[in-house]
$ cat work.txt   # compact mmCIF, C-alpha atoms
# COMPACT_ATOMS: atom_id res chain seq x y z
CA MET K 204 -6.19 0.75 22.50
CA ASN K 205 -5.40 4.46 22.43
CA ARG K 206 -4.58 5.06 18.78
CA LEU K 207 -2.70 8.32 19.23
CA ARG K 208 -0.65 6.82 22.04
CA ILE K 209 0.33 3.80 19.95
CA ILE K 210 1.16 5.99 16.91
CA PHE K 211 3.49 8.07 19.09
CA ALA K 212 5.08 4.94 20.60
CA SER K 213 5.43 3.17 17.24
CA SER K 214 7.01 6.26 15.67
CA TRP K 215 9.70 6.39 18.34
CA GLY K 216 10.21 2.63 18.15
CA ALA K 217 10.78 2.97 14.38
CA ILE K 218 13.08 5.99 14.81
CA VAL K 219 15.32 4.10 17.24
CA ALA K 220 15.18 0.91 15.11
CA ILE K 221 16.26 2.84 11.98
CA ALA K 222 19.05 4.59 13.92
CA PHE K 223 20.18 1.14 15.08
CA VAL K 224 20.27 -0.18 11.48
CA ILE K 225 22.35 2.80 10.32
CA ALA K 226 24.79 2.48 13.23
CA ILE K 227 25.30 -1.29 13.13
CA THR K 228 25.56 -1.34 9.32
CA ILE K 229 28.41 1.17 9.27
CA TRP K 230 30.07 -0.21 12.41
CA MET K 231 30.04 -3.77 11.01
CA GLU K 232 31.92 -2.71 7.88
CA PHE K 233 34.87 -1.69 10.08
CA SER K 234 34.62 -4.46 12.67
CA PRO K 235 35.06 -8.12 11.63
CA ALA K 236 34.52 -9.07 15.29
CA LEU K 237 31.05 -7.48 15.28
CA LYS K 238 30.19 -9.25 12.01
CA ALA K 239 31.35 -12.57 13.47
CA TRP K 240 29.19 -11.97 16.55
CA LEU K 241 26.13 -11.16 14.42
CA VAL K 242 26.72 -14.31 12.35
CA SER K 243 27.07 -16.41 15.52
CA ILE K 244 23.59 -15.44 16.73
CA ALA K 245 21.36 -16.36 13.77
CA GLY K 246 23.73 -17.85 11.20
CA HIS K 247 23.87 -14.72 8.99
CA HIS K 248 24.59 -11.12 9.92
CA TRP K 249 21.54 -9.84 8.03
CA THR K 250 19.19 -12.28 9.78
CA THR K 251 20.46 -11.13 13.17
CA LYS K 252 20.10 -7.47 12.15
CA SER K 253 16.53 -8.16 11.00
CA ILE K 254 15.60 -9.80 14.32
CA LEU K 255 17.29 -7.08 16.40
CA THR K 256 15.60 -4.32 14.37
CA MET K 257 12.13 -5.70 15.09
CA LEU K 258 13.00 -6.40 18.75
CA ILE K 259 14.19 -2.80 19.19
CA TRP K 260 11.01 -1.47 17.53
CA ILE K 261 8.83 -3.56 19.87
CA ILE K 262 10.81 -2.78 23.04
CA VAL K 263 11.06 0.99 22.43
CA MET K 264 7.39 1.10 21.42
CA LYS K 265 6.41 -0.62 24.68
CA ILE K 266 8.61 1.70 26.73
CA MET K 267 7.22 4.84 25.07
CA TYR K 268 3.65 3.53 25.28
CA PHE K 269 3.87 3.25 29.05
CA ALA K 270 6.27 6.16 29.65
CA LYS K 271 4.10 8.67 27.72
CA PRO K 272 0.45 7.78 28.36
CA ASN K 273 -0.84 11.15 27.10
CA PRO K 274 1.48 12.56 24.42
CA SER K 275 0.53 16.07 23.35
CA ASP K 276 -0.68 16.87 19.85
CA ASP K 277 2.67 18.54 19.13
CA ARG K 278 4.62 15.49 20.27
CA ILE K 279 2.55 13.16 18.10
CA ARG K 280 2.94 15.42 15.06
CA ASN K 281 6.68 15.82 15.66
CA SER K 282 7.19 12.07 16.14
CA LEU K 283 5.77 11.41 12.65
CA LYS K 284 7.82 14.22 11.12
CA THR K 285 10.99 12.97 12.84
CA LEU K 286 10.33 9.39 11.70
CA THR K 287 9.97 10.48 8.07
CA PHE K 288 13.10 12.62 8.27
CA VAL K 289 15.15 9.83 9.89
CA ALA K 290 13.97 7.28 7.29
CA ILE K 291 14.90 9.49 4.32
CA ALA K 292 18.18 10.63 5.89
CA GLY K 293 18.97 7.04 6.90
CA ALA K 294 18.46 5.76 3.35
CA LEU K 295 20.74 8.51 1.99
CA ILE K 296 23.38 7.83 4.66
CA ILE K 297 23.44 4.07 3.98
CA PHE K 298 23.50 4.49 0.20
CA GLY K 299 26.11 7.26 0.44
CA PHE K 300 28.23 5.19 2.80
CA PHE K 301 28.39 2.17 0.51
CA PHE K 302 28.97 4.41 -2.52
CA LEU K 303 31.92 6.16 -0.86
CA HIS K 304 33.14 2.86 0.62
CA TYR K 305 33.35 1.44 -2.92
CA VAL K 306 34.78 4.42 -4.80
CA GLY K 307 36.97 5.69 -1.95
CA MET Y 28 18.16 -24.65 -7.20
CA LEU Y 29 14.83 -24.82 -9.00
CA SER Y 30 13.10 -22.92 -6.23
CA ALA Y 31 15.38 -19.88 -6.57
CA PRO Y 32 13.58 -18.27 -9.56
CA VAL Y 33 10.22 -18.95 -7.86
CA LEU Y 34 11.46 -17.24 -4.70
CA ILE Y 35 12.63 -14.21 -6.71
CA GLY Y 36 9.21 -14.05 -8.41
CA LEU Y 37 7.37 -14.21 -5.09
CA HIS Y 38 9.76 -11.68 -3.54
CA LEU Y 39 9.07 -9.26 -6.40
CA GLY Y 40 5.33 -9.95 -6.45
CA PHE Y 41 4.83 -9.27 -2.74
CA ALA Y 42 7.07 -6.17 -2.97
CA ILE Y 43 4.86 -4.83 -5.78
CA LEU Y 44 1.78 -5.58 -3.66
CA GLY Y 45 3.28 -3.63 -0.74
CA ILE Y 46 4.36 -0.66 -2.85
CA ASP Y 47 1.05 -0.49 -4.75
CA ALA Y 48 -0.95 -0.68 -1.51
CA PHE Y 49 1.00 2.23 -0.03
CA LEU Y 50 0.60 4.27 -3.24
CA TRP Y 51 -3.12 3.55 -2.95
CA LEU Y 52 -3.02 4.59 0.73
CA LEU Y 53 -1.24 7.80 -0.30
CA GLY Y 54 -4.14 8.58 -2.66
CA GLU Y 55 -6.72 7.73 0.00
CA SER Y 56 -4.93 9.96 2.55
CA ALA Y 57 -4.48 12.86 0.10
CA SER Y 58 -8.12 12.85 -0.97
CA GLY Y 59 -9.34 12.72 2.63
CA VAL Y 60 -11.73 9.85 1.97
CA ALA Y 61 -13.82 9.26 5.08
CA SER Y 62 -13.61 5.47 5.09
CA VAL Y 63 -11.22 4.51 7.88
CA LYS Y 64 -12.04 0.84 7.26
CA ARG Y 65 -10.78 1.07 3.67
CA ARG Y 66 -7.58 2.87 4.69
CA VAL Y 67 -6.88 0.20 7.32
CA TRP Y 68 -7.47 -2.61 4.83
CA VAL Y 69 -5.18 -1.00 2.25
CA ALA Y 70 -2.44 -0.39 4.85
CA ALA Y 71 -2.81 -3.96 6.17
CA ILE Y 72 -2.44 -5.36 2.63
CA GLY Y 73 0.71 -3.25 2.24
CA VAL Y 74 2.16 -4.48 5.54
CA VAL Y 75 1.41 -8.12 4.63
CA GLY Y 76 3.07 -7.60 1.23
CA PHE Y 77 6.20 -6.15 2.80
CA VAL Y 78 6.41 -8.85 5.50
CA PHE Y 79 6.12 -11.65 2.92
CA THR Y 80 8.67 -10.04 0.59
CA TRP Y 81 10.99 -9.67 3.59
CA PHE Y 82 10.80 -13.36 4.58
CA ILE Y 83 10.94 -14.73 1.03
CA GLY Y 84 13.64 -12.31 -0.16
CA GLY Y 85 15.57 -12.84 3.06
CA TYR Y 86 15.51 -16.61 2.63
CA TYR Y 87 16.70 -16.28 -0.97
CA TYR Y 88 19.43 -13.82 0.07
CA VAL Y 89 20.75 -15.99 2.91
CA VAL Y 90 20.53 -19.35 1.12
CA TYR Y 91 21.26 -18.58 -2.57
CA TYR Y 92 22.53 -15.06 -3.17
CA GLY Y 93 25.88 -15.30 -1.39
CA LYS Y 94 26.78 -18.64 -2.97
CA LEU Y 95 25.44 -18.24 -6.50
CA VAL Y 96 24.68 -14.63 -7.44
CA LYS Y 97 27.25 -12.55 -5.56
CA PRO Y 98 30.31 -14.31 -7.09
CA THR Y 99 28.81 -13.89 -10.58
CA ILE Y 100 28.24 -10.15 -10.06
CA LEU Y 101 31.71 -9.63 -8.59
CA LYS Y 102 33.32 -11.35 -11.62
CA GLY Y 103 31.17 -9.41 -14.10
CA MET Y 104 31.20 -5.91 -15.59
CA ALA Y 105 29.48 -4.24 -12.64
CA PRO Y 106 30.88 -5.45 -9.31
CA TRP Y 107 29.62 -2.18 -7.82
CA ALA Y 108 26.09 -3.59 -8.19
CA HIS Y 109 26.80 -5.81 -5.19
CA ALA Y 110 29.08 -3.41 -3.31
CA ILE Y 111 26.69 -0.47 -3.56
CA ALA Y 112 23.21 -1.55 -4.72
CA MET Y 113 22.88 -4.84 -2.82
CA GLU Y 114 24.52 -3.59 0.37
CA ALA Y 115 22.25 -0.52 0.38
CA LYS Y 116 19.15 -2.54 -0.56
CA GLU Y 117 19.47 -5.20 2.14
CA HIS Y 118 19.94 -2.60 4.87
CA ILE Y 119 17.48 0.11 3.78
CA PHE Y 120 14.85 -2.61 3.51
CA LEU Y 121 15.06 -3.09 7.28
CA PHE Y 122 13.44 0.35 7.68
CA ILE Y 123 10.32 -0.63 5.77
CA VAL Y 124 8.39 -2.90 8.14
CA PRO Y 125 8.55 -0.61 11.22
CA LEU Y 126 7.62 2.33 8.95
CA ALA Y 127 4.74 0.43 7.34
CA LEU Y 128 3.39 -0.76 10.70
CA THR Y 129 3.44 2.83 11.99
CA ALA Y 130 1.55 3.88 8.84
CA LEU Y 131 -0.99 1.10 9.55
CA PHE Y 132 -1.64 2.58 13.02
CA VAL Y 133 -1.94 6.05 11.45
CA ALA Y 134 -4.50 4.67 8.97
CA MET Y 135 -6.77 3.89 11.95
CA LEU Y 136 -7.30 7.61 12.66
CA ASP Y 137 -10.53 9.24 11.52
CA ASN Y 138 -10.51 12.42 9.44
CA GLU Y 139 -11.72 14.60 12.31
CA THR Y 140 -8.72 13.59 14.48
CA ILE Y 141 -6.31 14.03 11.56
CA GLN Y 142 -7.57 17.58 10.95
CA ARG Y 143 -7.75 18.52 14.64
CA LEU Y 144 -4.12 17.47 15.20
CA GLY Y 145 -2.85 18.86 11.88
CA LEU Y 146 -1.57 15.43 10.86
CA LYS Y 147 -2.51 15.38 7.18
CA ARG Y 148 0.84 16.61 5.84
CA PRO Y 149 3.00 14.43 8.18
CA ILE Y 150 0.86 11.40 7.23
CA LEU Y 151 1.28 12.10 3.50
CA TRP Y 152 5.04 12.37 3.98
CA LEU Y 153 5.18 9.14 5.99
CA VAL Y 154 3.07 7.09 3.58
CA GLY Y 155 4.87 8.62 0.58
CA THR Y 156 8.21 7.73 2.15
CA VAL Y 157 7.19 4.08 2.57
CA ALA Y 158 6.13 3.89 -1.08
CA GLY Y 159 9.15 5.91 -2.26
CA LEU Y 160 11.67 3.77 -0.36
CA GLY Y 161 9.92 0.67 -1.71
CA LEU Y 162 10.34 1.96 -5.28
CA PHE Y 163 13.97 2.92 -4.62
CA ILE Y 164 14.70 -0.57 -3.24
CA GLY Y 165 12.94 -2.05 -6.28
CA ALA Y 166 15.21 -0.04 -8.60
CA LEU Y 167 18.26 -1.34 -6.69
CA GLY Y 168 16.90 -4.88 -7.14
CA PHE Y 169 16.64 -4.31 -10.89
CA ILE Y 170 20.29 -3.16 -10.99
CA ILE Y 171 21.38 -6.28 -9.08
CA SER Y 172 19.43 -8.62 -11.40
CA ALA Y 173 20.80 -6.88 -14.50
CA ALA Y 174 24.36 -7.09 -13.16
CA ALA Y 175 23.92 -10.82 -12.47
CA ARG Y 176 22.67 -11.41 -16.03
CA TRP Y 177 25.61 -9.47 -17.51
CA GLY Y 178 27.96 -11.30 -15.16
CA ILE Y 179 26.86 -14.58 -16.75
CA ILE Y 180 27.08 -13.29 -20.33
CA GLN Y 181 30.45 -11.52 -20.05
CA PRO Y 182 33.65 -13.64 -19.93

$ encode --input "work.txt" --output "structure tokens"
Amino acid sequence: MNRLRIIFASSWGAIVAIAFVIAITIWMEFSPALKAWLVSIAGHHWTTKSILTMLIWIIVMKIMYFAKPNPSDDRIRNSLKTLTFVAIAGALIIFGFFFLHYVG
Amino acid sequence: MLSAPVLIGLHLGFAILGIDAFLWLLGESASGVASVKRRVWVAAIGVVGFVFTWFIGGYYYVVYYGKLVKPTILKGMAPWAHAIAMEAKEHIFLFIVPLALTALFVAMLDNETIQRLGLKRPILWLVGTVAGLGLFIGALGFIISAAARWGIIQP
């Protein structure tokens, strides 16, 4: 196992998975049809979101692992920085969304 | 019904294990300790803690929370605890496992590689973010529990 390659791939898998959580969370609040579809898959919207999040992480990680066999040092460093930024921004976006959704 | 408090206890216990392990990993990464084996063990303990708290907390949330706790909070003094804290908590938590698994892979790097690639600062930020988000989610959990207690007490 090439550790740097898997770190790069896992970072991008997590970035896309987090972006998916942000998007589907906000979208679902405005779309009862989407919520009903998520419920129909695993019995609860959150369970389906959990499964899809991990599936997206695994699939994107696999794609990036094979698509970028030799990521440069810069790309590896930037993937970790981007992941951290997306995680912090994502948490603020989700918290801010539900705050404004409630008070607005 | 009787299993609900046990599930909450286990959910909290494994969350604390995960958060503490990542705080420990943050210290290991900051000090530049040479033992890769120890970093990997600490990160693995953190990942296991977060995975268990996810499954146990998720089961509690799906089976009990919506039927028993949510109505109590919504009738109580702080309905925002569900609308803001719980909604944010259940979704931000979904970030944690992919982040923690990435941190586990990072923990496998030796110090020479970390220095050569200039990864020390990005690693500290990543590991600190996992621990920080875990603590933030824990604080949201406290708000939800407090709101449920006050929901029972208040008419």

$ residues_near_point --input "work.txt" --point "(30.3, -3.4, 10.3)" --cutoff "12 Å" --atoms "all atoms listed in the file" --output "list in words"
Val224, Ile225, Ala226, Ile227, Thr228, Ile229, Trp230, Met231, Glu232, Phe233, Ser234, Pro235, Ala236, Leu237, Lys238, Ala239, Trp240, Leu241, Val242, His248, Trp249, Lys252, Ile297, Phe300, Phe301 and His304 of chain K; Glu114 and His118 of chain Y

$ residues_near_point --input "work.txt" --point "(9.3, -8.8, 0.7)" --cutoff "9 Å" --atoms "all atoms listed in the file" --output "ChimeraX atom specification"
/Y:37-43,45,75-85,120

$ closest_residue --input "work.txt" --among "K:Met267, K:Leu255, K:Ala294, K:Ile262" --to "chain Y" --atoms "all atoms listed in the file"
K:Ala294

$ axis_aligned_box --input "work.txt" --around "segment 159-173 of chain Y" --padding-each-side "6 Å" --output "lines of an AutoDock Vina configuration file"
center_x = 15.3
center_y = -1.4
center_z = -7.4
size_x = 24.2
size_y = 26.5
size_z = 26.1

$ atom_distance --input "work.txt" --atom1 "atom CA of Ala108 of chain Y" --atom2 "atom CA of Leu34 of chain Y"
20.3 Å

$ atom_distance --input "work.txt" --atom1 "atom CA of Ile46 of chain Y" --atom2 "atom CA of Ile164 of chain Y"
10.3 Å
